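Engineer: Below you'll find target00.pdb; it's PDB, C-alpha atoms and all ligand atoms.
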```pdb
ATOM      1  CA  MET A 588     197.154  82.660  43.915  1.00  0.00           C
ATOM      2  CA  ILE A 589     199.848  83.605  41.434  1.00  0.00           C
ATOM      3  CA  VAL A 590     198.853  85.158  38.104  1.00  0.00           C
ATOM      4  CA  ILE A 591     201.525  84.985  35.411  1.00  0.00           C
ATOM      5  CA  ASP A 592     201.655  86.397  31.894  1.00  0.00           C
ATOM      6  CA  LYS A 593     204.454  87.438  29.537  1.00  0.00           C
ATOM      7  CA  GLY A 594     207.193  86.702  32.072  1.00  0.00           C
ATOM      8  CA  GLU A 595     205.576  88.675  34.871  1.00  0.00           C
ATOM      9  CA  ALA A 596     203.929  87.411  38.049  1.00  0.00           C
ATOM     10  CA  LEU A 597     201.565  88.932  40.575  1.00  0.00           C
ATOM     11  CA  ILE A 598     201.215  87.136  43.907  1.00  0.00           C
ATOM     12  CA  PHE A 599     198.090  87.175  46.073  1.00  0.00           C
ATOM     13  CA  ASP A 600     199.049  86.951  49.755  1.00  0.00           C
ATOM     14  CA  THR A 601     202.499  86.203  51.094  1.00  0.00           C
ATOM     15  CA  PRO A 602     203.246  82.917  52.849  1.00  0.00           C
ATOM     16  CA  VAL A 603     203.089  83.236  56.654  1.00  0.00           C
ATOM     17  CA  ASN A 604     206.819  83.878  57.209  1.00  0.00           C
ATOM     18  CA  ASP A 605     210.082  84.965  55.612  1.00  0.00           C
ATOM     19  CA  SER A 606     211.547  81.529  54.905  1.00  0.00           C
ATOM     20  CA  ALA A 607     208.447  80.263  53.092  1.00  0.00           C
ATOM     21  CA  SER A 608     208.306  83.563  51.186  1.00  0.00           C
ATOM     22  CA  GLU A 609     211.943  83.161  50.131  1.00  0.00           C
ATOM     23  CA  GLU A 610     211.159  79.664  48.855  1.00  0.00           C
ATOM     24  CA  LEU A 611     208.112  80.885  46.912  1.00  0.00           C
ATOM     25  CA  LEU A 612     209.952  83.834  45.362  1.00  0.00           C
ATOM     26  CA  ASN A 613     212.864  81.629  44.326  1.00  0.00           C
ATOM     27  CA  TRP A 614     210.460  79.144  42.760  1.00  0.00           C
ATOM     28  CA  VAL A 615     208.720  81.873  40.733  1.00  0.00           C
ATOM     29  CA  LYS A 616     212.119  83.129  39.535  1.00  0.00           C
ATOM     30  CA  ASP A 617     213.892  79.831  38.898  1.00  0.00           C
ATOM     31  CA  SER A 618     211.058  77.501  37.859  1.00  0.00           C
ATOM     32  CA  LEU A 619     208.434  79.800  36.366  1.00  0.00           C
ATOM     33  CA  HIS A 620     211.103  82.202  35.018  1.00  0.00           C
ATOM     34  CA  CYS A 621     208.924  85.163  35.923  1.00  0.00           C
ATOM     35  CA  LYS A 622     209.667  88.526  37.479  1.00  0.00           C
ATOM     36  CA  VAL A 623     207.421  89.259  40.458  1.00  0.00           C
ATOM     37  CA  LYS A 624     205.724  92.605  39.849  1.00  0.00           C
ATOM     38  CA  GLY A 625     203.959  92.839  43.165  1.00  0.00           C
ATOM     39  CA  VAL A 626     201.961  91.234  45.929  1.00  0.00           C
ATOM     40  CA  ILE A 627     198.351  91.990  46.846  1.00  0.00           C
ATOM     41  CA  VAL A 628     197.401  91.516  50.500  1.00  0.00           C
ATOM     42  CA  ASN A 629     193.872  90.132  51.034  1.00  0.00           C
ATOM     43  CA  HIS A 630     193.448  91.260  54.656  1.00  0.00           C
ATOM     44  CA  PHE A 631     195.604  92.233  57.622  1.00  0.00           C
ATOM     45  CA  HIS A 632     196.175  88.745  59.102  1.00  0.00           C
ATOM     46  CA  VAL A 633     199.545  86.990  59.202  1.00  0.00           C
ATOM     47  CA  ASP A 634     198.467  84.387  56.620  1.00  0.00           C
ATOM     48  CA  CYS A 635     198.253  87.234  54.087  1.00  0.00           C
ATOM     49  CA  LEU A 636     201.185  89.503  54.989  1.00  0.00           C
ATOM     50  CA  GLY A 637     203.474  87.527  57.334  1.00  0.00           C
ATOM     51  CA  GLY A 638     206.191  87.271  54.681  1.00  0.00           C
ATOM     52  CA  LEU A 639     206.003  90.865  53.488  1.00  0.00           C
ATOM     53  CA  ALA A 640     209.459  91.822  54.821  1.00  0.00           C
ATOM     54  CA  ARG A 641     211.096  89.381  52.416  1.00  0.00           C
ATOM     55  CA  PHE A 642     209.122  90.752  49.459  1.00  0.00           C
ATOM     56  CA  HIS A 643     210.066  94.318  50.401  1.00  0.00           C
ATOM     57  CA  LYS A 644     213.722  93.350  50.819  1.00  0.00           C
ATOM     58  CA  LYS A 645     213.717  92.246  47.196  1.00  0.00           C
ATOM     59  CA  GLY A 646     212.099  95.515  46.142  1.00  0.00           C
ATOM     60  CA  ILE A 647     208.745  93.924  45.339  1.00  0.00           C
ATOM     61  CA  SER A 648     205.861  96.377  45.670  1.00  0.00           C
ATOM     62  CA  SER A 649     202.983  95.464  47.957  1.00  0.00           C
ATOM     63  CA  TYR A 650     199.394  96.650  47.787  1.00  0.00           C
ATOM     64  CA  GLY A 651     196.465  96.579  50.174  1.00  0.00           C
ATOM     65  CA  SER A 652     193.195  98.393  50.634  1.00  0.00           C
ATOM     66  CA  ALA A 653     193.124 101.464  52.878  1.00  0.00           C
ATOM     67  CA  ARG A 654     191.197  99.346  55.405  1.00  0.00           C
ATOM     68  CA  THR A 655     193.920  96.692  55.392  1.00  0.00           C
ATOM     69  CA  ILE A 656     196.696  99.231  55.830  1.00  0.00           C
ATOM     70  CA  HIS A 657     194.828 100.867  58.720  1.00  0.00           C
ATOM     71  CA  LEU A 658     194.313  97.533  60.513  1.00  0.00           C
ATOM     72  CA  ALA A 659     197.840  96.302  59.764  1.00  0.00           C
ATOM     73  CA  LYS A 660     199.284  99.443  61.335  1.00  0.00           C
ATOM     74  CA  LEU A 661     197.407  98.706  64.557  1.00  0.00           C
ATOM     75  CA  ASP A 662     198.124  94.987  64.548  1.00  0.00           C
ATOM     76  CA  SER A 663     201.537  94.224  63.086  1.00  0.00           C
ATOM     77  CA  THR A 664     204.965  95.620  62.449  1.00  0.00           C
ATOM     78  CA  ILE A 665     204.629  95.602  58.688  1.00  0.00           C
ATOM     79  CA  THR A 666     202.163  97.131  56.248  1.00  0.00           C
ATOM     80  CA  PRO A 667     201.764  97.069  52.470  1.00  0.00           C
ATOM     81  CA  TRP A 668     203.522  99.936  50.664  1.00  0.00           C
ATOM     82  CA  TYR A 669     200.678 101.136  48.465  1.00  0.00           C
ATOM     83  CA  SER A 670     197.017 101.518  49.240  1.00  0.00           C
ATOM     84  CA  PHE A 671     193.868 101.572  47.167  1.00  0.00           C
ATOM     85  CA  ASP A 672     190.381 102.561  48.257  1.00  0.00           C
ATOM     86  CA  THR A 673     187.835  99.780  47.752  1.00  0.00           C
ATOM     87  CA  PHE A 674     188.635  98.838  44.152  1.00  0.00           C
ATOM     88  CA  ALA A 675     191.849  98.446  42.170  1.00  0.00           C
ATOM     89  CA  ILE A 676     192.916  97.077  38.818  1.00  0.00           C
ATOM     90  CA  HIS A 677     196.424  95.697  38.505  1.00  0.00           C
ATOM     91  CA  GLN A 678     198.068  94.473  35.340  1.00  0.00           C
ATOM     92  CA  VAL A 679     200.434  91.571  34.813  1.00  0.00           C
ATOM     93  CA  GLY A 680     201.599  91.055  31.221  1.00  0.00           C
ATOM     94  CA  ASN A 681     198.402  91.568  29.232  1.00  0.00           C
ATOM     95  CA  LYS A 682     196.091  90.374  31.995  1.00  0.00           C
ATOM     96  CA  LYS A 683     194.051  92.602  34.260  1.00  0.00           C
ATOM     97  CA  ILE A 684     193.187  91.648  37.823  1.00  0.00           C
ATOM     98  CA  ILE A 685     190.481  93.324  39.864  1.00  0.00           C
ATOM     99  CA  SER A 686     190.823  93.626  43.649  1.00  0.00           C
ATOM    100  CA  HIS A 687     187.645  94.671  45.381  1.00  0.00           C
ATOM    101  CA  PHE A 688     186.393  95.196  48.924  1.00  0.00           C
ATOM    102  CA  VAL A 689     182.745  94.151  48.691  1.00  0.00           C
ATOM    103  CA  GLY A 690     181.822  93.791  52.365  1.00  0.00           C
ATOM    104  CA  GLU A 691     182.847  92.552  55.791  1.00  0.00           C
ATOM    105  CA  GLY A 692     183.033  88.897  56.820  1.00  0.00           C
ATOM    106  CA  HIS A 693     186.156  87.090  58.030  1.00  0.00           C
ATOM    107  CA  THR A 694     187.504  90.575  58.799  1.00  0.00           C
ATOM    108  CA  SER A 695     186.349  94.139  58.146  1.00  0.00           C
ATOM    109  CA  ASP A 696     188.935  94.542  55.368  1.00  0.00           C
ATOM    110  CA  ASN A 697     188.787  91.248  53.421  1.00  0.00           C
ATOM    111  CA  ILE A 698     188.853  91.724  49.636  1.00  0.00           C
ATOM    112  CA  ILE A 699     188.458  89.373  46.699  1.00  0.00           C
ATOM    113  CA  SER A 700     190.623  89.416  43.579  1.00  0.00           C
ATOM    114  CA  TYR A 701     189.287  88.427  40.168  1.00  0.00           C
ATOM    115  CA  VAL A 702     190.939  87.642  36.837  1.00  0.00           C
ATOM    116  CA  PRO A 703     188.280  88.357  34.168  1.00  0.00           C
ATOM    117  CA  SER A 704     190.194  86.707  31.302  1.00  0.00           C
ATOM    118  CA  GLU A 705     190.364  83.417  33.222  1.00  0.00           C
ATOM    119  CA  LYS A 706     187.139  83.751  35.230  1.00  0.00           C
ATOM    120  CA  ILE A 707     189.152  82.896  38.348  1.00  0.00           C
ATOM    121  CA  MET A 708     188.492  84.424  41.755  1.00  0.00           C
ATOM    122  CA  PHE A 709     190.809  84.461  44.754  1.00  0.00           C
ATOM    123  CA  GLY A 710     188.352  84.717  47.619  1.00  0.00           C
ATOM    124  CA  GLY A 711     190.778  84.603  50.530  1.00  0.00           C
ATOM    125  CA  CYS A 712     189.395  83.794  53.972  1.00  0.00           C
ATOM    126  CA  LEU A 713     186.032  85.414  53.177  1.00  0.00           C
ATOM    127  CA  ILE A 714     185.270  82.328  51.090  1.00  0.00           C
ATOM    128  CA  LYS A 715     185.179  78.880  52.688  1.00  0.00           C
ATOM    129  CA  HIS A 716     185.943  75.572  51.043  1.00  0.00           C
ATOM    130  CA  VAL A 717     183.035  73.141  50.998  1.00  0.00           C
ATOM    131  CA  GLY A 718     182.943  71.315  54.344  1.00  0.00           C
ATOM    132  CA  ALA A 719     184.945  74.005  56.177  1.00  0.00           C
ATOM    133  CA  GLY A 720     184.066  75.264  59.642  1.00  0.00           C
ATOM    134  CA  LYS A 721     183.755  78.944  60.433  1.00  0.00           C
ATOM    135  CA  GLY A 722     187.474  79.284  61.193  1.00  0.00           C
ATOM    136  CA  ASN A 723     189.106  82.141  63.078  1.00  0.00           C
ATOM    137  CA  LEU A 724     186.308  84.559  64.046  1.00  0.00           C
ATOM    138  CA  ALA A 725     188.455  86.872  66.197  1.00  0.00           C
ATOM    139  CA  HIS A 726     187.902  89.853  63.861  1.00  0.00           C
ATOM    140  CA  ALA A 727     184.849  88.582  62.007  1.00  0.00           C
ATOM    141  CA  ASN A 728     181.527  90.221  61.245  1.00  0.00           C
ATOM    142  CA  THR A 729     179.351  87.106  61.157  1.00  0.00           C
ATOM    143  CA  SER A 730     176.112  89.052  60.663  1.00  0.00           C
ATOM    144  CA  ALA A 731     177.401  90.756  57.498  1.00  0.00           C
ATOM    145  CA  TRP A 732     179.235  87.747  56.099  1.00  0.00           C
ATOM    146  CA  SER A 733     176.451  86.010  54.112  1.00  0.00           C
ATOM    147  CA  ASN A 734     175.348  89.261  52.555  1.00  0.00           C
ATOM    148  CA  SER A 735     178.902  90.171  51.512  1.00  0.00           C
ATOM    149  CA  VAL A 736     179.257  86.837  49.736  1.00  0.00           C
ATOM    150  CA  ARG A 737     175.823  87.266  48.155  1.00  0.00           C
ATOM    151  CA  GLN A 738     177.042  90.578  46.686  1.00  0.00           C
ATOM    152  CA  ILE A 739     180.140  88.848  45.353  1.00  0.00           C
ATOM    153  CA  LYS A 740     177.982  86.142  43.791  1.00  0.00           C
ATOM    154  CA  LEU A 741     175.889  88.809  42.040  1.00  0.00           C
ATOM    155  CA  ARG A 742     178.783  90.948  40.817  1.00  0.00           C
ATOM    156  CA  TYR A 743     181.120  88.114  39.851  1.00  0.00           C
ATOM    157  CA  SER A 744     178.571  85.597  38.625  1.00  0.00           C
ATOM    158  CA  GLN A 745     180.863  84.639  35.713  1.00  0.00           C
ATOM    159  CA  SER A 746     183.457  83.134  38.089  1.00  0.00           C
ATOM    160  CA  LYS A 747     184.278  79.559  37.137  1.00  0.00           C
ATOM    161  CA  ILE A 748     187.098  78.748  39.550  1.00  0.00           C
ATOM    162  CA  ILE A 749     187.034  80.055  43.094  1.00  0.00           C
ATOM    163  CA  ILE A 750     190.054  79.767  45.385  1.00  0.00           C
ATOM    164  CA  PRO A 751     189.363  80.020  49.120  1.00  0.00           C
ATOM    165  CA  GLY A 752     191.889  81.212  51.725  1.00  0.00           C
ATOM    166  CA  HIS A 753     192.335  77.643  52.932  1.00  0.00           C
ATOM    167  CA  GLY A 754     191.446  74.249  51.463  1.00  0.00           C
ATOM    168  CA  ALA A 755     190.372  73.083  48.028  1.00  0.00           C
ATOM    169  CA  ALA A 756     189.341  75.366  45.174  1.00  0.00           C
ATOM    170  CA  GLY A 757     186.047  74.766  43.400  1.00  0.00           C
ATOM    171  CA  GLY A 758     183.259  76.621  41.624  1.00  0.00           C
ATOM    172  CA  GLN A 759     180.240  78.694  42.623  1.00  0.00           C
ATOM    173  CA  GLU A 760     179.316  76.071  45.242  1.00  0.00           C
ATOM    174  CA  LEU A 761     181.942  77.642  47.542  1.00  0.00           C
ATOM    175  CA  LEU A 762     179.969  80.885  47.508  1.00  0.00           C
ATOM    176  CA  ASP A 763     176.710  79.046  48.224  1.00  0.00           C
ATOM    177  CA  TYR A 764     178.334  77.027  50.992  1.00  0.00           C
ATOM    178  CA  THR A 765     179.739  80.163  52.639  1.00  0.00           C
ATOM    179  CA  ILE A 766     176.424  82.043  52.371  1.00  0.00           C
ATOM    180  CA  ALA A 767     174.605  79.113  54.038  1.00  0.00           C
ATOM    181  CA  LEU A 768     177.265  78.706  56.749  1.00  0.00           C
ATOM    182  CA  PHE A 769     176.762  82.243  58.041  1.00  0.00           C
ATOM    183  CA  GLU A 770     173.047  82.599  57.322  1.00  0.00           C
ATOM    184  CA  LYS A 771     171.016  83.476  60.397  1.00  0.00           C
ATOM    185  CA  LYS A 772     168.998  80.420  61.334  1.00  0.00           C
TER     186      LYS A 772
HETATM  187 ZN    ZN A 801     192.464  85.867  58.253  1.00  0.00          ZN
END
```
Can you give me the file's structure in the form of structure tokens?
Structural biologist:
Amino acid sequence: MIVIDKGEALIFDTPVNDSASEELLNWVKDSLHCKVKGVIVNHFHVDCLGGLARFHKKGISSYGSARTIHLAKLDSTITPWYSFDTFAIHQVGNKKIISHFVGEGHTSDNIISYVPSEKIMFGGCLIKHVGAGKGNLAHANTSAWSNSVRQIKLRYSQSKIIIPGHGAAGGQELLDYTIALFEKK
């Protein structure tokens, strides 16, 4: 997800590598005519932070939860610059964006980000597109997953558009689908 306002942009997750990140950053600069203020990392996997080196090289600040930074340090050669505890509010132009660790699921650090003014949520890999399988469970907590998404559904019940980590965006049905997928049978 990219949130833009008043010539500024905030990016949610880097592409998986440097070359795709370069392409994205050039597009934001040359086509959207926005200055990238920062990048928020959803969790410690490569599909969230694999392009971080290119962002850092351009002086773009990166943010992740303390959990993400801890896991990234163990797992990869690069970590976000700035950490927040379980909740953060970032600003781009006049818009505020909430980033919040609500509970474990795809990983033990996966957050969601929410734009109240647009009622848009970036769910990352914690939220599945309708029809999706369970995906990469290497670092998952499948017994906590449904409950984490249930908490998100309660706290962010106003969400109109929900963007999953992979696949098509939709509405609240993505939350219901994900809750059902990991419900104990
Ligand atoms: Zn992941």
Engineer: Need the shell around Ser700 in chain A: protein/DNA/RNA residues with any atom at most 8 Å away, counting only C-alpha atoms. Skip same-chain ones fewer than 6 positions apart. Format as a PyMOL selection string?
Structural biologist: chain A and resi 684-687+708-710
Engineer: With a distance cut-off of 12 Å and all atoms listed in the file, select the neighbouring residues of Gly720 in chain A, excluding the residue or stretch itself and same-chain residues fewer than 6 positions from it, and output the selection as a PyMOL selection string.
Structural biologist: chain A and resi 712+714+753-754+764-765+767-769
Engineer: Within 9 Å of ligand ZN 801 (chain A), which residues show up when you count only C-alpha atoms and all ligand atoms? List them as a compact mmCIF listing (two decimals) with C-alpha atoms, in the frame of the given file, please.
Structural biologist:
```
# COMPACT_ATOMS: atom_id res chain seq x y z
CA ASN A 629 193.87 90.13 51.03
CA HIS A 630 193.45 91.26 54.66
CA PHE A 631 195.60 92.23 57.62
CA HIS A 632 196.18 88.74 59.10
CA VAL A 633 199.54 86.99 59.20
CA ASP A 634 198.47 84.39 56.62
CA CYS A 635 198.25 87.23 54.09
CA HIS A 693 186.16 87.09 58.03
CA THR A 694 187.50 90.58 58.80
CA ASN A 697 188.79 91.25 53.42
CA GLY A 711 190.78 84.60 50.53
CA CYS A 712 189.40 83.79 53.97
CA LEU A 713 186.03 85.41 53.18
CA GLY A 722 187.47 79.28 61.19
CA ASN A 723 189.11 82.14 63.08
CA LEU A 724 186.31 84.56 64.05
CA ALA A 725 188.46 86.87 66.20
CA HIS A 726 187.90 89.85 63.86
CA ALA A 727 184.85 88.58 62.01
CA GLY A 752 191.89 81.21 51.72
```
Engineer: Do you know which residues the PyMOL selection byres (((chain A and resi 668) around 8) and not hetatm) returns on this file, as a PDB file with C-alpha atoms, keeping the file's coordinate frame?
Structural biologist:
```pdb
ATOM      1  CA  SER A 648     205.861  96.377  45.670  1.00  0.00           C
ATOM      2  CA  SER A 649     202.983  95.464  47.957  1.00  0.00           C
ATOM      3  CA  TYR A 650     199.394  96.650  47.787  1.00  0.00           C
ATOM      4  CA  GLY A 651     196.465  96.579  50.174  1.00  0.00           C
ATOM      5  CA  THR A 666     202.163  97.131  56.248  1.00  0.00           C
ATOM      6  CA  PRO A 667     201.764  97.069  52.470  1.00  0.00           C
ATOM      7  CA  TYR A 669     200.678 101.136  48.465  1.00  0.00           C
ATOM      8  CA  SER A 670     197.017 101.518  49.240  1.00  0.00           C
TER       9      SER A 670
END
```
Engineer: What is the distance, in Å and to one decimal place, between CA of Val626 in chain A and CA of Gly758 in chain A?
Structural biologist: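 CA of Gly758 in chain A lies 24.1 Å from CA of Val626 in chain A.
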Engineer: Could you model N, CA, C and O atoms for range 680-691 of chain A and present them as a short mmCIF file (atom, residue, chain, number, x, y, z; two decimals), in the frame of the given file?
Structural biologist:
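The resulting file, selection-v4.cif, is reproduced below:
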```cif
data_model
loop_
_atom_site.label_atom_id
_atom_site.label_comp_id
_atom_site.auth_asym_id
_atom_site.auth_seq_id
_atom_site.Cartn_x
_atom_site.Cartn_y
_atom_site.Cartn_z
N GLY A 680 201.58 91.35 32.66
CA GLY A 680 201.60 91.06 31.22
C GLY A 680 200.42 91.75 30.59
O GLY A 680 200.23 92.95 30.77
N ASN A 681 199.60 90.98 29.86
CA ASN A 681 198.40 91.57 29.23
C ASN A 681 197.14 91.33 30.05
O ASN A 681 196.05 91.66 29.61
N LYS A 682 197.29 90.71 31.20
CA LYS A 682 196.09 90.37 32.00
C LYS A 682 195.80 91.44 33.04
O LYS A 682 196.70 91.97 33.66
N LYS A 683 194.49 91.68 33.22
CA LYS A 683 194.05 92.60 34.26
C LYS A 683 193.49 91.80 35.43
O LYS A 683 192.84 90.77 35.22
N ILE A 684 193.73 92.29 36.63
CA ILE A 684 193.19 91.65 37.82
C ILE A 684 192.50 92.71 38.67
O ILE A 684 193.09 93.75 38.98
N ILE A 685 191.26 92.41 39.02
CA ILE A 685 190.48 93.32 39.86
C ILE A 685 190.66 92.92 41.32
O ILE A 685 190.58 91.73 41.64
N SER A 686 190.89 93.88 42.20
CA SER A 686 190.82 93.63 43.65
C SER A 686 189.74 94.53 44.21
O SER A 686 189.69 95.73 43.89
N HIS A 687 188.88 93.96 45.04
CA HIS A 687 187.64 94.67 45.38
C HIS A 687 187.22 94.34 46.81
O HIS A 687 187.09 93.17 47.16
N PHE A 688 187.02 95.39 47.61
CA PHE A 688 186.39 95.20 48.92
C PHE A 688 184.88 95.29 48.71
O PHE A 688 184.37 96.35 48.35
N VAL A 689 184.20 94.19 48.94
CA VAL A 689 182.74 94.15 48.69
C VAL A 689 181.97 94.26 50.00
O VAL A 689 180.88 94.84 50.04
N GLY A 690 182.52 93.72 51.09
CA GLY A 690 181.82 93.79 52.36
C GLY A 690 182.58 93.01 53.42
O GLY A 690 183.50 92.25 53.11
N GLU A 691 182.16 93.21 54.67
CA GLU A 691 182.85 92.55 55.79
C GLU A 691 182.46 91.08 55.91
O GLU A 691 181.40 90.68 55.46
#
```
